[in-house]
Amino acid sequence: MYAGVGDAIDEQLTLIWDEARSHLKAHLNEPTYRLWFVRSVPVDLDDDRFVLGVPNDFAKDWVEKRFVELIGQSLEDVLGAPVDVAVVVDERADTVAPPQGDDDDPETPETESTDSGDGPAVADLPADLNPRYVFDRWVVGPHNE
């Protein structure tokens with residue numbers, strides 16, 4: 001392969017995946033989108049098969065079972081032709097840092113202040129966790145004893 005050709009292919013693949021993710025974002029709620037797709041990476045596009053990399057086996061199983069059809073439809077919208085979707089564990093996805101909020105949405109969970117003195121401040125929580133679901137707010141009831 002000639003120098004720079006692989007980089008151009010990777011860049012094109014990233015552009016395709018970024019456009020498909022914008023389609024996914026329009027069809028999913030924000031927490032679902034952030035949890036399953038922000039840390040995903042495009043691995044390969046060969047003939048009619050798109051390979052998506054995710055950080056671990058759990059994410060791979062979850063995305064395969066629940067989102068492959070939606071991903072395929074999003075990619076078809078971008079590419080103009082149907083593609084099969086394969087999901088693999090890719091170490092690059094594990095290094096992708098989740099965004100710390102969008103400039104056009106100042107009230108993302110990472111910037112909201114819900115510190116009522118009875119639990120951790122939102123800023124102390126990892127970015128991909130919902131501040132409402134912390135053990136300090138756990139209520140024992142008949143359904144979860």
# chains A, B, ... in the order shown; residues from 1 in each chain; ligands from 1
call {"tool": "residues_around", "arguments": {"residues": "region 28-40 of chain A", "least_positions_apart": "5", "cutoff": "6 Å", "atoms": "only C-alpha atoms", "output": "VMD selection string"}}
result
chain A and resid 53 to 54 93 96
call {"tool": "write_last_selection", "arguments": {"atoms": "C-alpha atoms", "output": "CSV table (one decimal), in the first residue's frame"}}
result
chain,number,residue,atom,x,y,z
A,53,GLY,CA,-15.5,-1.8,16.8
A,54,VAL,CA,-16.8,-1.5,20.4
A,93,ALA,CA,-12.8,1.9,21.0
A,96,VAL,CA,-12.0,6.8,22.8
call {"tool": "closest_residue", "arguments": {"among": "A:Pro55, A:Gly72, A:Pro142, A:Pro131", "to": "Val88 (chain A)", "atoms": "only C-alpha atoms"}}
result
A:Pro55
call {"tool": "closest_residue", "arguments": {"among": "A:Arg92, A:Asp47, A:Leu79, A:Val63", "to": "Leu15 (chain A)", "atoms": "only C-alpha atoms"}}
result
A:Leu79
call {"tool": "closest_residue", "arguments": {"among": "A:Val134, A:Ile16, A:Val87, A:Ala26", "to": "Lys60 (chain A)", "atoms": "only C-alpha atoms"}}
result
A:Val87
call {"tool": "atom_distance", "arguments": {"atom1": "CA of Ala81 (chain A)", "atom2": "CA of Ser22 (chain A)"}}
result
17.5 Å
